[in-house]
Amino acid sequence: MENEIEAFFENQKKVILKEIDTAKKEILICMAWFNDMDYLNALMLAKESGVKVEIITSNKASINILQFKDKFDYVGIAFLPNYFGVLHNKYCIIDNNIVLTGSYNWTKNAEYCNFENLLKIHNISIANDFKFDFIETKIFCNNSFIQPRRCNCSGLLINLVCIESEDINLQGECSIYTICSKCGEYKYITNDYEFNILNTLDSDNLNYEWILKFLNYHAEHNFDIKIHAIAVASINSMTLEKEYRVIYKNKFFKRFIEDSYDF
């Protein structure tokens with residue numbers, strides 16, 4: 001039932017396997033620990049029935065990762081330096097409308113030894129939120145570690161895409177600025193980088209789905225410059241000056257990124 005949430009404190013494995021078995025189109029998994037072969041076998045059956053299966057797991061946690069290779073549409077390993085910790089997510093998205101999440105890893109210890117919880121959430125909006133996180137983490141895995149360079153003052157140099165209008169049809173290009181998170185100095189990137197992809201994306205405004213398409217497009221085309229944030233131009237109601245309102249922050253560096261910038 002839509003907009004239903006159920007909590008499980010036992011028999012979580014039974015719940016998960018049932019949802020995998022009922023999947024029709026897509027299963028997206030982001031799991032810190034994954035070493036129970038029962039789940040792997042269930043996913044293999046789902047794939048054989050035509051379901052798209054993608055998995056992201058931690059390089060420090062999974063002991064069966066080699067058994068995932070070449071079996072599914074995508075297998076990602078999150079290599080996170082100690083400064084940022086390791087992958088700790090535990091969720092599965094079924095057909096973009098059901099989310100399974102909680103403390104429960106897909107391991108035998110979780111099923112038989114630990115006190116664990118599992119939430120089954122039937123809500124498309126929440127599923128979209130989790131899918132956004134999955135895609136961003138997937139892009140991170142595909143592009144290795146997107147570590148910003150350092151400024152002379154030791155601050156991080158954030159690459160910010162600046163879009164001139166919320167109505168994409170009113171403009172055909174965007175600019176990129178490199179901004180220091182500490183001293184605030186910035187540089188406009190011109191001839192170093194050609195970035196004119198907005199008209200290639202099928203959307204009329206800068207909504208949730210557009211950001212996902214933008215990030216996917218950027219990752220798939222192996223651009224040299226990594227994107228840490230996206231902003232759109234607006235007029236400050238107090239100063240009447242132009243500023244760039246940030247609509248996306250890379251989750252690994254968001255604490256270094258302001259909510260808005262003016263140049």
# chains A, B, ... in the order shown; residues from 1 in each chain; ligands from 1
call {"tool": "residues_around", "arguments": {"residues": "Gly102 (chain A)", "least_positions_apart": "5", "cutoff": "9 Å", "atoms": "only C-alpha atoms", "output": "list in words"}}
result
Asn89, Lys90, Tyr91, Glu116, Asn117, Leu118, Leu119 and Lys120 of chain A
call {"tool": "residues_around", "arguments": {"residues": "region 16-20 of chain A", "least_positions_apart": "2", "cutoff": "8 Å", "atoms": "only C-alpha atoms", "output": "list in words"}}
result
Gln12, Lys13, Lys14, Thr22, Ala23, Ile27, Tyr39, Ala42, Leu43, Ala46, Ile94 and Leu100 of chain A
call {"tool": "write_last_selection", "arguments": {"atoms": "N, CA, C and O atoms", "output": "mmCIF file, in the first residue's frame"}}
result
data_model
loop_
_atom_site.group_PDB
_atom_site.id
_atom_site.type_symbol
_atom_site.label_atom_id
_atom_site.label_comp_id
_atom_site.auth_asym_id
_atom_site.auth_seq_id
_atom_site.Cartn_x
_atom_site.Cartn_y
_atom_site.Cartn_z
ATOM 1 N N GLN A 12 13.896 -10.360 9.447
ATOM 2 C CA GLN A 12 14.134 -9.362 8.389
ATOM 3 C C GLN A 12 14.516 -10.025 7.070
ATOM 4 O O GLN A 12 14.136 -9.553 5.998
ATOM 5 N N LYS A 13 15.237 -11.105 7.150
ATOM 6 C CA LYS A 13 15.681 -11.792 5.934
ATOM 7 C C LYS A 13 14.492 -12.259 5.110
ATOM 8 O O LYS A 13 14.474 -12.130 3.878
ATOM 9 N N LYS A 14 13.492 -12.776 5.761
ATOM 10 C CA LYS A 14 12.286 -13.238 5.075
ATOM 11 C C LYS A 14 11.618 -12.090 4.335
ATOM 12 O O LYS A 14 11.158 -12.238 3.200
ATOM 13 N N THR A 22 9.479 -10.210 -5.544
ATOM 14 C CA THR A 22 8.345 -9.518 -6.168
ATOM 15 C C THR A 22 8.770 -8.374 -7.086
ATOM 16 O O THR A 22 7.924 -7.755 -7.733
ATOM 17 N N ALA A 23 10.079 -8.080 -7.144
ATOM 18 C CA ALA A 23 10.564 -6.986 -8.001
ATOM 19 C C ALA A 23 10.255 -7.263 -9.469
ATOM 20 O O ALA A 23 10.364 -8.400 -9.942
ATOM 21 N N ILE A 27 16.270 -3.314 -9.007
ATOM 22 C CA ILE A 27 16.682 -3.424 -7.613
ATOM 23 C C ILE A 27 18.016 -2.690 -7.470
ATOM 24 O O ILE A 27 18.992 -3.028 -8.138
ATOM 25 N N TYR A 39 21.014 -13.950 -0.326
ATOM 26 C CA TYR A 39 20.612 -12.735 -1.031
ATOM 27 C C TYR A 39 21.190 -12.724 -2.441
ATOM 28 O O TYR A 39 20.527 -12.327 -3.396
ATOM 29 N N ALA A 42 19.150 -14.966 -4.615
ATOM 30 C CA ALA A 42 17.854 -14.357 -4.923
ATOM 31 C C ALA A 42 17.995 -13.277 -5.991
ATOM 32 O O ALA A 42 17.145 -13.148 -6.883
ATOM 33 N N LEU A 43 19.065 -12.510 -5.919
ATOM 34 C CA LEU A 43 19.310 -11.465 -6.916
ATOM 35 C C LEU A 43 19.617 -12.062 -8.281
ATOM 36 O O LEU A 43 19.223 -11.513 -9.312
ATOM 37 N N ALA A 46 16.372 -12.924 -9.759
ATOM 38 C CA ALA A 46 15.678 -11.712 -10.204
ATOM 39 C C ALA A 46 16.239 -11.244 -11.539
ATOM 40 O O ALA A 46 15.480 -10.868 -12.446
ATOM 41 N N ILE A 94 13.378 -1.004 -4.364
ATOM 42 C CA ILE A 94 12.680 -1.953 -5.232
ATOM 43 C C ILE A 94 11.724 -1.197 -6.153
ATOM 44 O O ILE A 94 10.812 -0.509 -5.679
ATOM 45 N N LEU A 100 13.873 -0.539 1.561
ATOM 46 C CA LEU A 100 14.191 -1.355 2.730
ATOM 47 C C LEU A 100 15.451 -0.767 3.351
ATOM 48 O O LEU A 100 16.498 -0.691 2.698
#
call {"tool": "residues_around", "arguments": {"residues": "Val232 (chain A)", "least_positions_apart": "5", "cutoff": "6 Å", "atoms": "only C-alpha atoms", "output": "NGL selection string"}}
result
:A and (162-164 or 244-245)
call {"tool": "atom_distance", "arguments": {"atom1": "CA of Thr239 (chain A)", "atom2": "CA of Lys254 (chain A)"}}
result
25.6 Å
call {"tool": "atom_distance", "arguments": {"atom1": "CA of Ile179 (chain A)", "atom2": "CA of Ala78 (chain A)"}}
result
26.6 Å
call {"tool": "residues_around", "arguments": {"residues": "Pro148 (chain A)", "least_positions_apart": "5", "cutoff": "7 Å", "atoms": "only C-alpha atoms", "output": "PDB file with all heavy atoms, in the first residue's frame"}}
result
ATOM      1  N   LEU A 156      40.005  24.256   0.501  1.00  0.00           N
ATOM      2  CA  LEU A 156      39.670  23.389  -0.624  1.00  0.00           C
ATOM      3  C   LEU A 156      39.171  24.219  -1.797  1.00  0.00           C
ATOM      4  O   LEU A 156      38.408  25.168  -1.615  1.00  0.00           O
ATOM      5  CB  LEU A 156      38.587  22.380  -0.219  1.00  0.00           C
ATOM      6  CG  LEU A 156      38.953  21.342   0.837  1.00  0.00           C
ATOM      7  CD1 LEU A 156      37.774  20.413   1.085  1.00  0.00           C
ATOM      8  CD2 LEU A 156      40.170  20.548   0.412  1.00  0.00           C
ATOM      9  N   LEU A 157      39.597  23.860  -3.005  1.00  0.00           N
ATOM     10  CA  LEU A 157      39.144  24.554  -4.210  1.00  0.00           C
ATOM     11  C   LEU A 157      37.925  23.817  -4.775  1.00  0.00           C
ATOM     12  O   LEU A 157      38.044  22.736  -5.348  1.00  0.00           O
ATOM     13  CB  LEU A 157      40.273  24.610  -5.236  1.00  0.00           C
ATOM     14  CG  LEU A 157      41.482  25.462  -4.823  1.00  0.00           C
ATOM     15  CD1 LEU A 157      42.593  25.350  -5.854  1.00  0.00           C
ATOM     16  CD2 LEU A 157      41.070  26.920  -4.630  1.00  0.00           C
ATOM     17  N   ILE A 158      36.762  24.422  -4.592  1.00  0.00           N
ATOM     18  CA  ILE A 158      35.496  23.834  -4.987  1.00  0.00           C
ATOM     19  C   ILE A 158      35.146  24.242  -6.414  1.00  0.00           C
ATOM     20  O   ILE A 158      35.191  25.433  -6.758  1.00  0.00           O
ATOM     21  CB  ILE A 158      34.371  24.288  -4.035  1.00  0.00           C
ATOM     22  CG1 ILE A 158      34.672  23.851  -2.591  1.00  0.00           C
ATOM     23  CG2 ILE A 158      33.022  23.757  -4.492  1.00  0.00           C
ATOM     24  CD1 ILE A 158      34.760  22.359  -2.403  1.00  0.00           C
TER      25      ILE A 158
END
call {"tool": "residues_around", "arguments": {"residues": "region 123-130 of chain A", "least_positions_apart": "5", "cutoff": "6 Å", "atoms": "only C-alpha atoms", "output": "PyMOL selection string"}}
result
chain A and resi 2-3+96-97+99
call {"tool": "write_last_selection", "arguments": {"atoms": "all heavy atoms", "output": "PDB file, in the first residue's frame"}}
result
ATOM      1  N   GLU A   2       0.558   2.198  -0.868  1.00  0.00           N
ATOM      2  CA  GLU A   2       1.326   3.435  -0.966  1.00  0.00           C
ATOM      3  C   GLU A   2       1.306   4.194   0.354  1.00  0.00           C
ATOM      4  O   GLU A   2       0.295   4.225   1.061  1.00  0.00           O
ATOM      5  CB  GLU A   2       0.758   4.307  -2.092  1.00  0.00           C
ATOM      6  CG  GLU A   2       1.389   5.676  -2.219  1.00  0.00           C
ATOM      7  CD  GLU A   2       2.821   5.623  -2.714  1.00  0.00           C
ATOM      8  OE1 GLU A   2       3.210   4.595  -3.301  1.00  0.00           O
ATOM      9  OE2 GLU A   2       3.542   6.605  -2.513  1.00  0.00           O
ATOM     10  N   ASN A   3       2.441   4.828   0.717  1.00  0.00           N
ATOM     11  CA  ASN A   3       2.602   5.628   1.919  1.00  0.00           C
ATOM     12  C   ASN A   3       2.465   4.792   3.190  1.00  0.00           C
ATOM     13  O   ASN A   3       1.998   5.280   4.213  1.00  0.00           O
ATOM     14  CB  ASN A   3       1.602   6.792   1.948  1.00  0.00           C
ATOM     15  CG  ASN A   3       1.818   7.767   0.817  1.00  0.00           C
ATOM     16  OD1 ASN A   3       2.956   8.054   0.458  1.00  0.00           O
ATOM     17  ND2 ASN A   3       0.744   8.251   0.234  1.00  0.00           N
ATOM     18  N   ASN A  96      11.643   1.452  -7.603  1.00  0.00           N
ATOM     19  CA  ASN A  96      11.518   2.896  -7.371  1.00  0.00           C
ATOM     20  C   ASN A  96      10.282   3.280  -6.572  1.00  0.00           C
ATOM     21  O   ASN A  96       9.781   4.406  -6.677  1.00  0.00           O
ATOM     22  CB  ASN A  96      11.526   3.674  -8.698  1.00  0.00           C
ATOM     23  CG  ASN A  96      12.082   5.074  -8.523  1.00  0.00           C
ATOM     24  OD1 ASN A  96      13.063   5.274  -7.808  1.00  0.00           O
ATOM     25  ND2 ASN A  96      11.444   6.051  -9.151  1.00  0.00           N
ATOM     26  N   ASN A  97       9.777   2.360  -5.735  1.00  0.00           N
ATOM     27  CA  ASN A  97       8.653   2.739  -4.864  1.00  0.00           C
ATOM     28  C   ASN A  97       8.716   2.109  -3.474  1.00  0.00           C
ATOM     29  O   ASN A  97       7.996   2.520  -2.579  1.00  0.00           O
ATOM     30  CB  ASN A  97       7.297   2.433  -5.527  1.00  0.00           C
ATOM     31  CG  ASN A  97       7.108   0.968  -5.813  1.00  0.00           C
ATOM     32  OD1 ASN A  97       7.209   0.130  -4.932  1.00  0.00           O
ATOM     33  ND2 ASN A  97       6.824   0.650  -7.065  1.00  0.00           N
ATOM     34  N   VAL A  99      11.403   1.064  -0.286  1.00  0.00           N
ATOM     35  CA  VAL A  99      12.742   1.168   0.281  1.00  0.00           C
ATOM     36  C   VAL A  99      12.822   0.261   1.495  1.00  0.00           C
ATOM     37  O   VAL A  99      11.946   0.271   2.365  1.00  0.00           O
ATOM     38  CB  VAL A  99      13.066   2.621   0.703  1.00  0.00           C
ATOM     39  CG1 VAL A  99      14.419   2.674   1.408  1.00  0.00           C
ATOM     40  CG2 VAL A  99      13.050   3.544  -0.496  1.00  0.00           C
TER      41      VAL A  99
END
call {"tool": "closest_residue", "arguments": {"among": "A:Ile93, A:Val53, A:Cys141, A:Cys180", "to": "Ser154 (chain A)", "atoms": "only C-alpha atoms"}}
result
A:Cys180
call {"tool": "closest_residue", "arguments": {"among": "A:Ile235, A:Val51, A:Gly76, A:Ile98", "to": "Lys131 (chain A)", "atoms": "only C-alpha atoms"}}
result
A:Ile98
